[in-house]
Amino acid sequence: MSERRLPPVTQVGMLSLALIVAGGIYLAAHLPHQVPLTPAILLLGASALLLGGNLAALARVQGFPWGRFFEIARWALLAYVVVAGMIEYSFLRDHVSGGALVVLTLSLVVFAVHVPVLIGFTVARYDTEESNTGGMPA
Amino acid sequence: MERPDFEIVPRVGLVIVAVVLALLIAAIAVNELWPLAFLHFVGGAAWTIIDLFLGFVLGPILGSLSIPARIELTTRLMPKMVLIMPTVVTVTLAAGWQLGNHLGTVQSSYYLHGWTVASYIVVGIMAVIALGLLEPANVAVLVELKKPRPNPQVIERLMKRFIYTAGATGAMQIATLVIMAKLTVG
């Protein structure tokens with residue numbers, strides 16, 4: 001099975017998601033008290049940087065099947081926007097407000113973008129001309 | 001390689017998912033104890049059982065099947081998993097969070113707060129594994145199977161990843177069961 005040389009998108013993506021989760025746990029573990037938002041903001045910033053780095057690294061891959069990537073990622077994005085929307089609704093229902101709401105909402109944005117990137121990447125990395133055209137024996 | 005025709009995302013299943021999510025929104029909106037507890041318990045039980053069953057029962061069986069049988073089982077199982085797992089996880093976590101708010105178990109003043117935080121950590125690790133490895137593998141294997149000439153090596157690699165990660169999260173579910181039992185009885 002021949003494979004393209006690709007950046008470690010899955011590993012970086014999982015680290016980014018882990019940082020988001022850590023920020024969420026930090027905030028949730030202190031409810032209902034107000035806690036310094038700095039650790040959560042730093043975790044969110046690092047996670048967003050990893051997302052940006054992942055996209056930049058992918059953009060530099062020669063011959064990456066972007067058609068297949070976007071075909072899958074856009075539907076996954078739709079699904080995860082719905083999931084993120086439901087979590088956001090839960091925050092609003094529980095009267096989360098102020099800086100905590102901003103950090104949690106931005107965390108959901110990173111989550112809702114990064115998961116579809118991981119799904120699109122995993123599908124696209126195995127996209128070969130042989131399997132799509134049937135020109136080579138499987 | 002012969003394989004039955006299938007939909008990557010079953011359209012009928014989308015209707016069921018929409019109904020379940022509507023019930024979840026209604027349960028959160030009314031914020032009553034029993035609908036929240038019902039959704040959290042049903043979702044949590046389904047999540048735990050599916051993970052354990054996939055990882056420790058179906059996984060080894062799948063590995064011992066012939067390639068055509070494996071492909072046939074995969075094309076029937078995986079489209080359902082694409083819808084079932086994200087729905088079950090979303091319902092369990094959203095209803096569980098709201099239930100915790102209702103009961104006060106998510107408050108830092110709760111006397112078993114350490115156990116609650118431990119549950120966040122276990123669920124957080126499971127979520128990262130599921131979102132980063134399991135779900136992408138699920139979708140990728142279905143897209144591969146839809147191709148004119150699917151690559152059996154790719155399917156085998158992705159199915160191994162799916163089954164192993166389901167097994168790993170299944171093992172972590174045991175930790176969740178221990179924590180939830182403790183939170184229930186105090």
# chains A, B, ... in the order shown; residues from 1 in each chain; ligands from 1
$ residues_around --residues "B:Gly55" --least-positions-apart "3" --cutoff "6 Å" --atoms "only C-alpha atoms" --output "list in words"
Asp51, Leu52, Gly59, Ile163, Ala166 and Gly167 of chain B
$ residues_around --residues "A:Pro32" --least-positions-apart "4" --cutoff "12 Å" --atoms "only C-alpha atoms" --output "list of chain:residue names"
A:Leu27, A:Ala28, A:Asp94, A:His95, A:Val96, A:Ser97, A:Ala100, B:Asn101, B:Gly104, B:Thr105, B:Val106, B:Gln107, B:Ser108, B:Ser109, B:Tyr110
$ write_last_selection --atoms "C-alpha atoms" --output "compact mmCIF listing (two decimals), in the first residue's frame"
# COMPACT_ATOMS: atom_id res chain seq x y z
CA LEU A 27 -13.75 25.78 33.87
CA ALA A 28 -16.33 23.09 34.71
CA ASP A 94 -27.45 27.22 32.35
CA HIS A 95 -26.84 30.99 32.29
CA VAL A 96 -23.12 30.77 31.52
CA SER A 97 -22.09 34.32 30.66
CA ALA A 100 -16.38 32.03 30.42
CA ASN B 101 -26.77 20.92 37.14
CA GLY B 104 -25.99 19.91 42.00
CA THR B 105 -23.36 17.24 41.36
CA VAL B 106 -21.39 19.52 39.01
CA GLN B 107 -21.01 22.20 41.69
CA SER B 108 -17.57 22.39 43.27
CA SER B 109 -19.24 22.34 46.72
CA TYR B 110 -20.63 18.82 46.07
$ interface_residues --of "chain B" --to "chain A" --cutoff "6 Å" --atoms "only C-alpha atoms" --output "list in words"
Gln107, Ser108, Gly124, Gly132, Pro136, Ala140, Lys147, Pro148, Arg149, Pro150 and Asn151 of chain B
$ closest_residue --among "B:Ile61, B:Ala118, B:Ala95, B:Met78" --to "B:Phe38" --atoms "only C-alpha atoms"
B:Ala95
$ residues_around --residues "A:Ala57" --least-positions-apart "2" --cutoff "12 Å" --atoms "only C-alpha atoms" --output "PyMOL selection string"
chain A and resi 5-10+12-13+49-55+59-62+64+121
$ write_last_selection --atoms "N, CA and C atoms" --output "mmCIF file, in the first residue's frame"
data_model
loop_
_atom_site.group_PDB
_atom_site.id
_atom_site.type_symbol
_atom_site.label_atom_id
_atom_site.label_comp_id
_atom_site.auth_asym_id
_atom_site.auth_seq_id
_atom_site.Cartn_x
_atom_site.Cartn_y
_atom_site.Cartn_z
ATOM 1 N N ARG A 5 3.660 11.115 1.614
ATOM 2 C CA ARG A 5 4.257 11.617 2.859
ATOM 3 C C ARG A 5 3.382 12.778 3.320
ATOM 4 N N LEU A 6 2.835 12.634 4.504
ATOM 5 C CA LEU A 6 1.882 13.633 4.993
ATOM 6 C C LEU A 6 2.280 14.127 6.372
ATOM 7 N N PRO A 7 1.921 15.369 6.685
ATOM 8 C CA PRO A 7 2.212 15.885 8.030
ATOM 9 C C PRO A 7 1.358 15.138 9.070
ATOM 10 N N PRO A 8 1.763 15.174 10.356
ATOM 11 C CA PRO A 8 1.025 14.424 11.392
ATOM 12 C C PRO A 8 -0.270 15.118 11.799
ATOM 13 N N VAL A 9 -1.186 15.215 10.844
ATOM 14 C CA VAL A 9 -2.425 15.972 11.064
ATOM 15 C C VAL A 9 -3.273 15.356 12.184
ATOM 16 N N THR A 10 -3.391 14.031 12.180
ATOM 17 C CA THR A 10 -4.229 13.376 13.195
ATOM 18 C C THR A 10 -3.667 13.594 14.599
ATOM 19 N N VAL A 12 -1.612 15.961 15.675
ATOM 20 C CA VAL A 12 -1.720 17.374 16.065
ATOM 21 C C VAL A 12 -3.180 17.715 16.384
ATOM 22 N N GLY A 13 -4.089 17.174 15.583
ATOM 23 C CA GLY A 13 -5.518 17.411 15.812
ATOM 24 C C GLY A 13 -5.969 16.887 17.163
ATOM 25 N N LEU A 49 -3.873 27.595 17.624
ATOM 26 C CA LEU A 49 -2.602 27.626 16.878
ATOM 27 C C LEU A 49 -2.331 26.280 16.208
ATOM 28 N N LEU A 50 -2.609 25.207 16.936
ATOM 29 C CA LEU A 50 -2.413 23.867 16.365
ATOM 30 C C LEU A 50 -3.350 23.631 15.177
ATOM 31 N N LEU A 51 -4.580 24.139 15.285
ATOM 32 C CA LEU A 51 -5.524 24.032 14.162
ATOM 33 C C LEU A 51 -4.971 24.780 12.946
ATOM 34 N N GLY A 52 -4.512 26.018 13.179
ATOM 35 C CA GLY A 52 -3.926 26.797 12.090
ATOM 36 C C GLY A 52 -2.701 26.113 11.494
ATOM 37 N N GLY A 53 -1.869 25.577 12.381
ATOM 38 C CA GLY A 53 -0.668 24.867 11.920
ATOM 39 C C GLY A 53 -1.020 23.644 11.091
ATOM 40 N N ASN A 54 -2.045 22.916 11.521
ATOM 41 C CA ASN A 54 -2.494 21.737 10.782
ATOM 42 C C ASN A 54 -2.945 22.112 9.368
ATOM 43 N N LEU A 55 -3.747 23.176 9.281
ATOM 44 C CA LEU A 55 -4.257 23.606 7.973
ATOM 45 C C LEU A 55 -3.117 24.090 7.086
ATOM 46 N N ALA A 59 -1.921 22.491 3.575
ATOM 47 C CA ALA A 59 -1.943 23.316 2.366
ATOM 48 C C ALA A 59 -0.648 23.188 1.568
ATOM 49 N N ARG A 60 0.428 22.788 2.243
ATOM 50 C CA ARG A 60 1.727 22.691 1.566
ATOM 51 C C ARG A 60 1.965 21.316 0.946
ATOM 52 N N VAL A 61 1.031 20.373 1.163
ATOM 53 C CA VAL A 61 1.216 19.019 0.612
ATOM 54 C C VAL A 61 0.920 19.039 -0.894
ATOM 55 N N GLN A 62 1.907 18.595 -1.658
ATOM 56 C CA GLN A 62 1.750 18.544 -3.114
ATOM 57 C C GLN A 62 0.757 17.459 -3.501
ATOM 58 N N PHE A 64 -2.362 16.966 -2.815
ATOM 59 C CA PHE A 64 -3.340 16.469 -1.837
ATOM 60 C C PHE A 64 -4.737 16.520 -2.473
ATOM 61 N N PHE A 121 -9.365 14.671 6.327
ATOM 62 C CA PHE A 121 -7.969 14.257 6.105
ATOM 63 C C PHE A 121 -7.853 12.733 6.060
#
$ atom_distance --atom1 "atom CA of B:Leu14" --atom2 "atom CA of B:Thr90"
14.6 Å
$ select_by_dssp --residues "stretch 15-184 of chain B" --states "alpha helix (DSSP H)" --output "JSON, numbers by chain"
{"B": [15, 16, 17, 18, 19, 20, 21, 22, 23, 24, 25, 26, 27, 28, 29, 30, 33, 34, 35, 36, 37, 38, 39, 40, 41, 42, 43, 44, 45, 46, 47, 48, 49, 50, 51, 52, 53, 59, 60, 61, 62, 63, 64, 67, 68, 69, 70, 71, 72, 73, 74, 75, 76, 77, 78, 79, 80, 81, 82, 83, 84, 85, 86, 87, 88, 89, 90, 91, 92, 93, 94, 95, 96, 97, 98, 99, 100, 101, 102, 103, 113, 114, 115, 116, 117, 118, 119, 120, 121, 122, 123, 124, 125, 126, 127, 128, 129, 135, 136, 137, 138, 139, 140, 141, 142, 143, 144, 145, 146, 152, 153, 154, 155, 156, 157, 158, 159, 160, 161, 162, 163, 164, 165, 166, 167, 168, 169, 170, 171, 172, 173, 174, 175, 176, 177, 178, 179, 180, 181, 182, 183, 184]}
$ write_last_selection --atoms "C-alpha atoms" --output "compact mmCIF listing (two decimals), in the first residue's frame"
# COMPACT_ATOMS: atom_id res chain seq x y z
CA VAL B 15 -34.85 11.04 10.76
CA ILE B 16 -34.38 8.95 13.91
CA VAL B 17 -31.36 11.06 14.90
CA ALA B 18 -33.40 14.25 14.41
CA VAL B 19 -36.16 12.88 16.67
CA VAL B 20 -33.67 11.89 19.39
CA LEU B 21 -31.95 15.31 19.26
CA ALA B 22 -35.35 17.03 19.42
CA LEU B 23 -36.14 14.99 22.56
CA LEU B 24 -32.80 16.04 24.02
CA ILE B 25 -33.48 19.73 23.37
CA ALA B 26 -36.95 19.37 24.91
CA ALA B 27 -35.51 17.62 27.98
CA ILE B 28 -32.93 20.37 28.50
CA ALA B 29 -35.56 23.07 27.93
CA VAL B 30 -38.04 21.68 30.49
CA LEU B 33 -35.41 15.28 36.42
CA TRP B 34 -36.83 12.16 34.80
CA PRO B 35 -36.42 13.00 31.08
CA LEU B 36 -32.83 14.12 31.74
CA ALA B 37 -32.10 11.00 33.81
CA PHE B 38 -33.80 8.79 31.19
CA LEU B 39 -31.75 10.20 28.30
CA HIS B 40 -28.52 10.14 30.29
CA PHE B 41 -29.00 6.55 31.49
CA VAL B 42 -30.17 5.20 28.12
CA GLY B 43 -27.43 7.03 26.21
CA GLY B 44 -24.74 6.09 28.72
CA ALA B 45 -25.78 2.42 28.77
CA ALA B 46 -25.84 2.29 24.96
CA TRP B 47 -22.43 4.01 24.69
CA THR B 48 -20.84 1.63 27.21
CA ILE B 49 -22.37 -1.54 25.80
CA ILE B 50 -21.63 -0.68 22.17
CA ASP B 51 -17.98 0.15 22.94
CA LEU B 52 -17.45 -3.01 24.98
CA PHE B 53 -19.29 -5.19 22.45
CA GLY B 59 -13.73 -7.14 16.99
CA PRO B 60 -12.13 -10.57 17.51
CA ILE B 61 -14.95 -12.20 15.47
CA LEU B 62 -14.42 -9.73 12.63
CA GLY B 63 -10.70 -10.46 12.61
CA SER B 64 -11.31 -14.19 12.16
CA ILE B 67 -12.25 -11.11 3.60
CA PRO B 68 -15.63 -11.20 1.74
CA ALA B 69 -17.51 -11.85 5.01
CA ARG B 70 -15.59 -9.04 6.69
CA ILE B 71 -16.48 -6.65 3.85
CA GLU B 72 -20.14 -7.66 3.98
CA LEU B 73 -20.38 -7.19 7.75
CA THR B 74 -18.52 -3.86 7.52
CA THR B 75 -20.85 -2.46 4.83
CA ARG B 76 -23.85 -3.30 7.00
CA LEU B 77 -22.44 -2.26 10.37
CA MET B 78 -20.47 0.92 9.72
CA PRO B 79 -23.19 3.14 8.14
CA LYS B 80 -25.26 2.58 11.27
CA MET B 81 -22.29 3.37 13.51
CA VAL B 82 -21.77 6.71 11.71
CA LEU B 83 -25.12 7.84 13.09
CA ILE B 84 -25.40 5.88 16.33
CA MET B 85 -22.13 6.82 18.05
CA PRO B 86 -22.16 10.64 17.68
CA THR B 87 -25.86 10.70 18.64
CA VAL B 88 -25.41 8.47 21.69
CA VAL B 89 -22.37 10.47 22.86
CA THR B 90 -24.09 13.85 22.38
CA VAL B 91 -27.25 12.72 24.20
CA THR B 92 -25.32 11.15 27.09
CA LEU B 93 -23.06 14.15 27.68
CA ALA B 94 -25.61 16.93 27.16
CA ALA B 95 -28.30 15.22 29.27
CA GLY B 96 -25.67 14.25 31.87
CA TRP B 97 -24.41 17.82 32.20
CA GLN B 98 -27.92 19.17 32.59
CA LEU B 99 -28.75 16.41 35.07
CA GLY B 100 -25.63 17.30 37.06
CA ASN B 101 -26.77 20.92 37.14
CA HIS B 102 -30.22 19.84 38.29
CA LEU B 103 -28.86 17.60 41.07
CA HIS B 113 -16.62 16.71 43.58
CA GLY B 114 -13.33 14.87 43.02
CA TRP B 115 -15.27 11.93 41.56
CA THR B 116 -17.20 14.27 39.27
CA VAL B 117 -13.98 15.84 37.98
CA ALA B 118 -12.56 12.34 37.48
CA SER B 119 -15.56 11.57 35.27
CA TYR B 120 -14.85 14.72 33.21
CA ILE B 121 -11.28 13.55 32.68
CA VAL B 122 -12.25 10.00 31.67
CA VAL B 123 -14.97 11.26 29.31
CA GLY B 124 -12.58 13.89 27.93
CA ILE B 125 -9.97 11.27 27.05
CA MET B 126 -12.63 9.03 25.48
CA ALA B 127 -13.98 11.98 23.47
CA VAL B 128 -10.55 12.87 22.08
CA ILE B 129 -9.95 9.23 21.06
CA GLU B 135 -15.05 8.63 13.87
CA PRO B 136 -12.60 9.49 11.03
CA ALA B 137 -11.83 5.77 10.60
CA ASN B 138 -15.55 4.99 10.48
CA VAL B 139 -16.22 7.51 7.69
CA ALA B 140 -13.01 6.66 5.79
CA VAL B 141 -13.77 2.93 5.63
CA LEU B 142 -17.22 3.66 4.22
CA VAL B 143 -15.85 6.03 1.56
CA GLU B 144 -13.25 3.40 0.64
CA LEU B 145 -15.94 0.72 0.32
CA LYS B 146 -17.95 3.00 -1.99
CA PRO B 152 -8.72 -4.30 1.05
CA GLN B 153 -5.52 -3.24 2.84
CA VAL B 154 -6.92 0.23 3.51
CA ILE B 155 -10.19 -1.26 4.76
CA GLU B 156 -8.37 -3.70 7.02
CA ARG B 157 -6.14 -0.96 8.44
CA LEU B 158 -9.08 1.37 9.09
CA MET B 159 -11.24 -1.38 10.59
CA LYS B 160 -8.39 -2.38 12.94
CA ARG B 161 -8.11 1.26 14.01
CA PHE B 162 -11.87 1.41 14.56
CA ILE B 163 -12.08 -1.80 16.57
CA TYR B 164 -8.95 -1.09 18.66
CA THR B 165 -10.09 2.43 19.54
CA ALA B 166 -13.59 1.12 20.37
CA GLY B 167 -11.91 -1.44 22.64
CA ALA B 168 -9.77 1.26 24.30
CA THR B 169 -12.78 3.47 24.97
CA GLY B 170 -14.69 0.37 26.08
CA ALA B 171 -12.02 -0.35 28.70
CA MET B 172 -12.26 3.29 29.84
CA GLN B 173 -16.02 2.89 30.11
CA ILE B 174 -15.37 0.53 33.03
CA ALA B 175 -13.78 3.49 34.85
CA THR B 176 -16.89 5.54 34.03
CA LEU B 177 -19.12 2.81 35.47
CA VAL B 178 -17.09 2.79 38.71
CA ILE B 179 -17.37 6.59 39.01
CA MET B 180 -21.09 6.68 38.17
CA ALA B 181 -21.82 3.90 40.70
CA LYS B 182 -19.97 5.91 43.36
CA LEU B 183 -21.83 9.12 42.47
CA THR B 184 -25.16 7.28 42.56
